[in-house]
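One file, work_11.tsv, carrying TSV, N, CA and C atoms:
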```tsv
chain	number	residue	atom	x	y	z
E	178	MET	N	-65.82	-0.06	-125.10
E	178	MET	CA	-65.73	1.37	-124.89
E	178	MET	C	-66.59	1.74	-123.69
E	179	LEU	N	-66.00	2.51	-122.79
E	179	LEU	CA	-66.74	2.91	-121.60
E	179	LEU	C	-67.10	4.40	-121.59
E	180	ARG	N	-66.21	5.22	-122.13
E	180	ARG	CA	-66.46	6.67	-122.16
E	180	ARG	C	-65.82	7.31	-123.39
E	181	VAL	N	-66.48	8.33	-123.91
E	181	VAL	CA	-65.94	9.14	-124.99
E	181	VAL	C	-66.16	10.60	-124.60
E	182	GLY	N	-65.10	11.37	-124.65
E	182	GLY	CA	-65.23	12.78	-124.30
E	182	GLY	C	-64.22	13.62	-125.06
E	183	TYR	N	-64.35	14.92	-124.88
E	183	TYR	CA	-63.38	15.83	-125.48
E	183	TYR	C	-63.03	16.90	-124.46
E	184	PHE	N	-61.86	17.50	-124.64
E	184	PHE	CA	-61.38	18.52	-123.72
E	184	PHE	C	-60.55	19.51	-124.51
E	185	GLY	N	-60.00	20.48	-123.86
E	185	GLY	CA	-59.18	21.47	-124.54
E	185	GLY	C	-60.02	22.60	-125.09
E	186	SER	N	-59.54	23.21	-126.16
E	186	SER	CA	-60.18	24.43	-126.68
E	186	SER	C	-61.63	24.21	-127.11
E	187	TYR	N	-61.95	23.05	-127.66
E	187	TYR	CA	-63.35	22.82	-128.06
E	187	TYR	C	-64.25	22.72	-126.83
E	188	ALA	N	-63.78	22.10	-125.77
E	188	ALA	CA	-64.57	21.98	-124.55
E	188	ALA	C	-64.72	23.34	-123.86
E	189	ARG	N	-63.67	24.15	-123.90
E	189	ARG	CA	-63.72	25.47	-123.26
E	189	ARG	C	-64.47	26.49	-124.10
E	190	GLY	N	-64.61	26.21	-125.41
E	190	GLY	CA	-65.29	27.14	-126.30
E	190	GLY	C	-64.40	28.24	-126.85
E	191	ASP	N	-63.08	28.07	-126.74
E	191	ASP	CA	-62.18	29.09	-127.26
E	191	ASP	C	-61.34	28.59	-128.44
E	192	TRP	N	-61.90	27.63	-129.19
E	192	TRP	CA	-61.21	27.10	-130.36
E	192	TRP	C	-61.15	28.16	-131.45
E	193	GLY	N	-60.24	27.97	-132.38
E	193	GLY	CA	-60.09	28.89	-133.50
E	193	GLY	C	-59.46	28.18	-134.68
E	194	VAL	N	-59.12	28.94	-135.69
E	194	VAL	CA	-58.47	28.37	-136.86
E	194	VAL	C	-57.21	27.64	-136.42
E	195	GLY	N	-57.07	26.40	-136.86
E	195	GLY	CA	-55.91	25.60	-136.51
E	195	GLY	C	-56.05	24.80	-135.23
E	196	SER	N	-57.14	24.97	-134.50
E	196	SER	CA	-57.34	24.19	-133.28
E	196	SER	C	-57.59	22.72	-133.62
E	197	ASP	N	-57.05	21.85	-132.81
E	197	ASP	CA	-57.35	20.43	-132.99
E	197	ASP	C	-58.35	20.00	-131.93
E	198	LEU	N	-58.95	18.86	-132.14
E	198	LEU	CA	-59.92	18.30	-131.20
E	198	LEU	C	-59.19	17.30	-130.32
E	199	ASP	N	-59.23	17.52	-129.01
E	199	ASP	CA	-58.58	16.64	-128.05
E	199	ASP	C	-59.62	15.67	-127.51
E	200	ILE	N	-59.43	14.39	-127.78
E	200	ILE	CA	-60.40	13.36	-127.44
E	200	ILE	C	-59.82	12.47	-126.35
E	201	VAL	N	-60.67	12.08	-125.41
E	201	VAL	CA	-60.26	11.10	-124.41
E	201	VAL	C	-61.24	9.93	-124.47
E	202	LEU	N	-60.68	8.73	-124.54
E	202	LEU	CA	-61.46	7.50	-124.55
E	202	LEU	C	-61.07	6.67	-123.34
E	203	VAL	N	-62.06	6.06	-122.71
E	203	VAL	CA	-61.80	5.14	-121.62
E	203	VAL	C	-62.35	3.78	-122.06
E	204	VAL	N	-61.48	2.79	-122.09
E	204	VAL	CA	-61.85	1.45	-122.53
E	204	VAL	C	-61.69	0.48	-121.36
E	205	ALA	N	-62.36	-0.64	-121.44
E	205	ALA	CA	-62.27	-1.63	-120.36
E	205	ALA	C	-60.84	-2.12	-120.21
E	206	ARG	N	-60.23	-2.48	-121.32
E	206	ARG	CA	-58.84	-2.95	-121.28
E	206	ARG	C	-58.24	-2.77	-122.67
E	207	ASP	N	-56.93	-2.75	-122.71
E	207	ASP	CA	-56.21	-2.64	-123.98
E	207	ASP	C	-54.81	-3.18	-123.76
E	208	GLU	N	-54.38	-4.06	-124.64
E	208	GLU	CA	-53.06	-4.69	-124.49
E	208	GLU	C	-51.93	-3.81	-125.03
E	209	LEU	N	-52.27	-2.84	-125.87
E	209	LEU	CA	-51.23	-1.96	-126.41
E	209	LEU	C	-50.71	-1.02	-125.33
E	210	ALA	N	-49.48	-0.60	-125.48
E	210	ALA	CA	-48.91	0.40	-124.58
E	210	ALA	C	-49.69	1.71	-124.73
E	211	PHE	N	-49.78	2.47	-123.66
E	211	PHE	CA	-50.52	3.72	-123.69
E	211	PHE	C	-50.10	4.61	-124.87
E	212	THR	N	-48.81	4.69	-125.12
E	212	THR	CA	-48.30	5.56	-126.17
E	212	THR	C	-48.66	5.10	-127.58
E	213	ARG	N	-49.12	3.87	-127.74
E	213	ARG	CA	-49.47	3.33	-129.06
E	213	ARG	C	-50.97	3.26	-129.30
E	214	ARG	N	-51.76	3.37	-128.26
E	214	ARG	CA	-53.20	3.16	-128.39
E	214	ARG	C	-53.88	4.16	-129.33
E	215	GLY	N	-53.53	5.41	-129.25
E	215	GLY	CA	-54.18	6.42	-130.07
E	215	GLY	C	-54.04	6.17	-131.56
E	216	ALA	N	-52.91	5.61	-131.95
E	216	ALA	CA	-52.66	5.33	-133.37
E	216	ALA	C	-53.59	4.26	-133.92
E	217	ALA	N	-54.19	3.47	-133.04
E	217	ALA	CA	-55.08	2.39	-133.48
E	217	ALA	C	-56.47	2.92	-133.88
E	218	TRP	N	-56.73	4.17	-133.60
E	218	TRP	CA	-58.05	4.76	-133.89
E	218	TRP	C	-57.97	5.61	-135.15
E	219	ASP	N	-58.82	5.32	-136.12
E	219	ASP	CA	-58.85	6.07	-137.38
E	219	ASP	C	-59.71	7.32	-137.18
E	220	LEU	N	-59.07	8.47	-137.14
E	220	LEU	CA	-59.78	9.73	-136.93
E	220	LEU	C	-59.87	10.56	-138.21
E	221	THR	N	-59.55	9.95	-139.34
E	221	THR	CA	-59.47	10.69	-140.60
E	221	THR	C	-60.83	11.20	-141.09
E	222	LEU	N	-61.92	10.63	-140.61
E	222	LEU	CA	-63.24	11.09	-141.05
E	222	LEU	C	-63.73	12.32	-140.28
E	223	LEU	N	-63.03	12.69	-139.23
E	223	LEU	CA	-63.42	13.88	-138.48
E	223	LEU	C	-63.11	15.13	-139.30
E	224	PRO	N	-63.92	16.17	-139.18
E	224	PRO	CA	-63.73	17.38	-139.99
E	224	PRO	C	-62.57	18.26	-139.53
E	225	VAL	N	-61.96	17.95	-138.41
E	225	VAL	CA	-60.79	18.69	-137.92
E	225	VAL	C	-59.73	17.69	-137.50
E	226	SER	N	-58.49	18.15	-137.40
E	226	SER	CA	-57.45	17.24	-136.91
E	226	SER	C	-57.74	16.94	-135.44
E	227	ALA	N	-57.33	15.76	-135.00
E	227	ALA	CA	-57.65	15.34	-133.64
E	227	ALA	C	-56.51	14.56	-133.04
E	228	ASP	N	-56.39	14.70	-131.73
E	228	ASP	CA	-55.49	13.89	-130.92
E	228	ASP	C	-56.36	13.08	-129.99
E	229	VAL	N	-55.98	11.82	-129.76
E	229	VAL	CA	-56.78	10.97	-128.89
E	229	VAL	C	-55.90	10.33	-127.82
E	230	LEU	N	-56.39	10.37	-126.60
E	230	LEU	CA	-55.76	9.68	-125.48
E	230	LEU	C	-56.68	8.52	-125.11
E	231	VAL	N	-56.11	7.33	-125.03
E	231	VAL	CA	-56.91	6.14	-124.71
E	231	VAL	C	-56.41	5.56	-123.40
E	232	TYR	N	-57.28	5.61	-122.39
E	232	TYR	CA	-56.97	5.07	-121.07
E	232	TYR	C	-57.78	3.80	-120.83
E	233	THR	N	-57.21	2.85	-120.10
E	233	THR	CA	-58.02	1.76	-119.61
E	233	THR	C	-58.80	2.28	-118.40
E	234	HIS	N	-59.85	1.57	-118.03
E	234	HIS	CA	-60.65	1.97	-116.88
E	234	HIS	C	-59.77	2.08	-115.63
E	235	GLU	N	-58.89	1.11	-115.46
E	235	GLU	CA	-58.00	1.10	-114.30
E	235	GLU	C	-57.05	2.31	-114.31
E	236	GLU	N	-56.49	2.63	-115.47
E	236	GLU	CA	-55.60	3.79	-115.58
E	236	GLU	C	-56.35	5.08	-115.30
E	237	TRP	N	-57.58	5.18	-115.83
E	237	TRP	CA	-58.37	6.40	-115.64
E	237	TRP	C	-58.65	6.62	-114.16
E	238	ARG	N	-59.06	5.56	-113.49
E	238	ARG	CA	-59.35	5.65	-112.06
E	238	ARG	C	-58.08	5.92	-111.24
E	239	GLY	N	-56.93	5.56	-111.79
E	239	GLY	CA	-55.68	5.73	-111.08
E	239	GLY	C	-54.95	7.03	-111.35
E	240	LEU	N	-55.55	7.91	-112.16
E	240	LEU	CA	-54.89	9.20	-112.40
E	240	LEU	C	-54.73	9.94	-111.08
E	241	ASP	N	-53.58	10.53	-110.87
E	241	ASP	CA	-53.30	11.26	-109.64
E	241	ASP	C	-54.10	12.57	-109.64
E	242	PRO	N	-55.11	12.69	-108.77
E	242	PRO	CA	-55.96	13.89	-108.77
E	242	PRO	C	-55.19	15.17	-108.44
E	243	ALA	N	-53.98	15.03	-107.92
E	243	ALA	CA	-53.17	16.21	-107.62
E	243	ALA	C	-52.38	16.70	-108.82
E	244	SER	N	-52.30	15.87	-109.88
E	244	SER	CA	-51.52	16.29	-111.06
E	244	SER	C	-52.28	17.38	-111.83
E	245	ARG	N	-51.53	18.25	-112.42
E	245	ARG	CA	-52.13	19.35	-113.19
E	245	ARG	C	-53.01	18.82	-114.32
E	246	PHE	N	-52.51	17.79	-115.02
E	246	PHE	CA	-53.27	17.26	-116.15
E	246	PHE	C	-54.58	16.63	-115.70
E	247	ALA	N	-54.55	15.87	-114.60
E	247	ALA	CA	-55.78	15.26	-114.08
E	247	ALA	C	-56.78	16.34	-113.66
E	248	ARG	N	-56.31	17.41	-113.07
E	248	ARG	CA	-57.22	18.51	-112.68
E	248	ARG	C	-57.82	19.17	-113.92
E	249	THR	N	-57.00	19.33	-114.96
E	249	THR	CA	-57.51	19.90	-116.22
E	249	THR	C	-58.59	19.00	-116.81
E	250	LEU	N	-58.32	17.71	-116.86
E	250	LEU	CA	-59.32	16.77	-117.38
E	250	LEU	C	-60.60	16.82	-116.56
E	251	ALA	N	-60.48	16.82	-115.24
E	251	ALA	CA	-61.66	16.84	-114.37
E	251	ALA	C	-62.50	18.09	-114.62
E	252	ARG	N	-61.85	19.19	-114.90
E	252	ARG	CA	-62.53	20.46	-115.11
E	252	ARG	C	-63.11	20.59	-116.52
E	253	GLU	N	-62.42	20.05	-117.52
E	253	GLU	CA	-62.77	20.35	-118.91
E	253	GLU	C	-63.51	19.27	-119.68
E	254	VAL	N	-63.30	18.01	-119.34
E	254	VAL	CA	-63.85	16.96	-120.21
E	254	VAL	C	-65.37	17.07	-120.32
E	255	VAL	N	-65.83	17.06	-121.56
E	255	VAL	CA	-67.26	16.99	-121.86
E	255	VAL	C	-67.50	15.56	-122.34
E	256	TRP	N	-68.20	14.79	-121.53
E	256	TRP	CA	-68.48	13.40	-121.89
E	256	TRP	C	-69.66	13.37	-122.84
E	257	VAL	N	-69.48	12.72	-123.99
E	257	VAL	CA	-70.57	12.61	-124.98
E	257	VAL	C	-71.17	11.22	-125.00
E	258	TRP	N	-70.49	10.28	-124.36
E	258	TRP	CA	-71.02	8.91	-124.28
E	258	TRP	C	-70.41	8.24	-123.05
E	259	VAL	N	-71.24	7.65	-122.20
E	259	VAL	CA	-70.76	7.01	-120.98
E	259	VAL	C	-71.50	5.69	-120.79
E	260	ARG	N	-70.74	4.64	-120.53
E	260	ARG	CA	-71.29	3.34	-120.13
E	260	ARG	C	-70.40	2.83	-119.03
E	261	GLU	N	-70.92	2.73	-117.85
E	261	GLU	CA	-70.12	2.26	-116.71
E	261	GLU	C	-69.91	0.76	-116.82
E	262	PRO	N	-68.74	0.28	-116.37
E	262	PRO	CA	-68.43	-1.15	-116.46
E	262	PRO	C	-69.30	-1.99	-115.55
```
Would you put the structure from the file into structure tokens?
Amino acid sequence: MLRVGYFGSYARGDWGVGSDLDIVLVVARDELAFTRRGAAWDLTLLPVSADVLVYTHEEWRGLDPASRFARTLAREVVWVWVREP
């Protein structure tokens, strides 16, 4: 694990009833397809429902900074744990 962060309504401070926690994880490597990685993480102990995006370090560094989603992540992600490779 290289980074753990959250974004979305919890990061912006505008969460409310029914809001989920959007989590982003950056890992050194992962053999699973991007679309399957989140399912490998057990989030059932969290007190709210959560969605998780799991990027490899290479994928994270390769996000297109011009894309709307990458700009949102750059602006909103609150990193709670960071370990550089």
List every residue of stretch 230-257 of chain E that has an atom at most 8 Å from any atom of stretch 210-221 of chain E, and for each one report the closest atom pair and its distance in Å to one decimal, counting only N, CA and C atoms, with rows sorted by chain and then by increasing residue number, as CSV.
```
residue,atom,partner,partner_atom,distance
E:Leu230,N,E:Gly215,CA,5.7
E:Val231,N,E:Gly215,N,5.3
E:Tyr232,CA,E:Phe211,CA,7.1
E:Thr233,N,E:Phe211,CA,7.6
```
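Reported to one decimal place, the separation of atom N of E:Ala247 from atom C of E:Tyr187 is 17.0 Å.
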List the neighbours of stretch 191-196 of chain E out to 7 Å using only N, CA and C atoms; skip same-chain residues closer than 4 positions along the sequence, and give me the result as a list in words. Gly185, Ser186, Tyr187, Val225 and Ser226 of chain E
Best match for closeness to E:Ala205 among E:Gly190, E:Arg248, E:Val229, E:Glu235, counting all atoms listed in the file: E:Glu235
Around the point (-62.0, 10.0, -125.4) in the file's coordinates, collect all residues with an atom within 6 Å, using all atoms listed in the file, and return them as a PyMOL selection string. chain E and resi 180-183+200-203+230
Hey, can you check how far atom CA of E:Thr249 sits from atom CA of E:Ala227? 18.0 Å
For each of E:Met178, E:Leu240, E:Leu223, E:Leu250, take the minimum atom-to-atom distance to E:Leu198, counting only C-alpha atoms, then give the residue where this is smallest. E:Leu223
Could you tell me how far atom CA of E:Ala251 sits from atom CA of E:Leu222, in Å to one decimal place? 27.3 Å
Pick out each residue of stretch 191-231 of chain E that DSSP on the backbone tags as alpha helix (DSSP H); I need them as a PyMOL selection string. chain E and resi 211-214
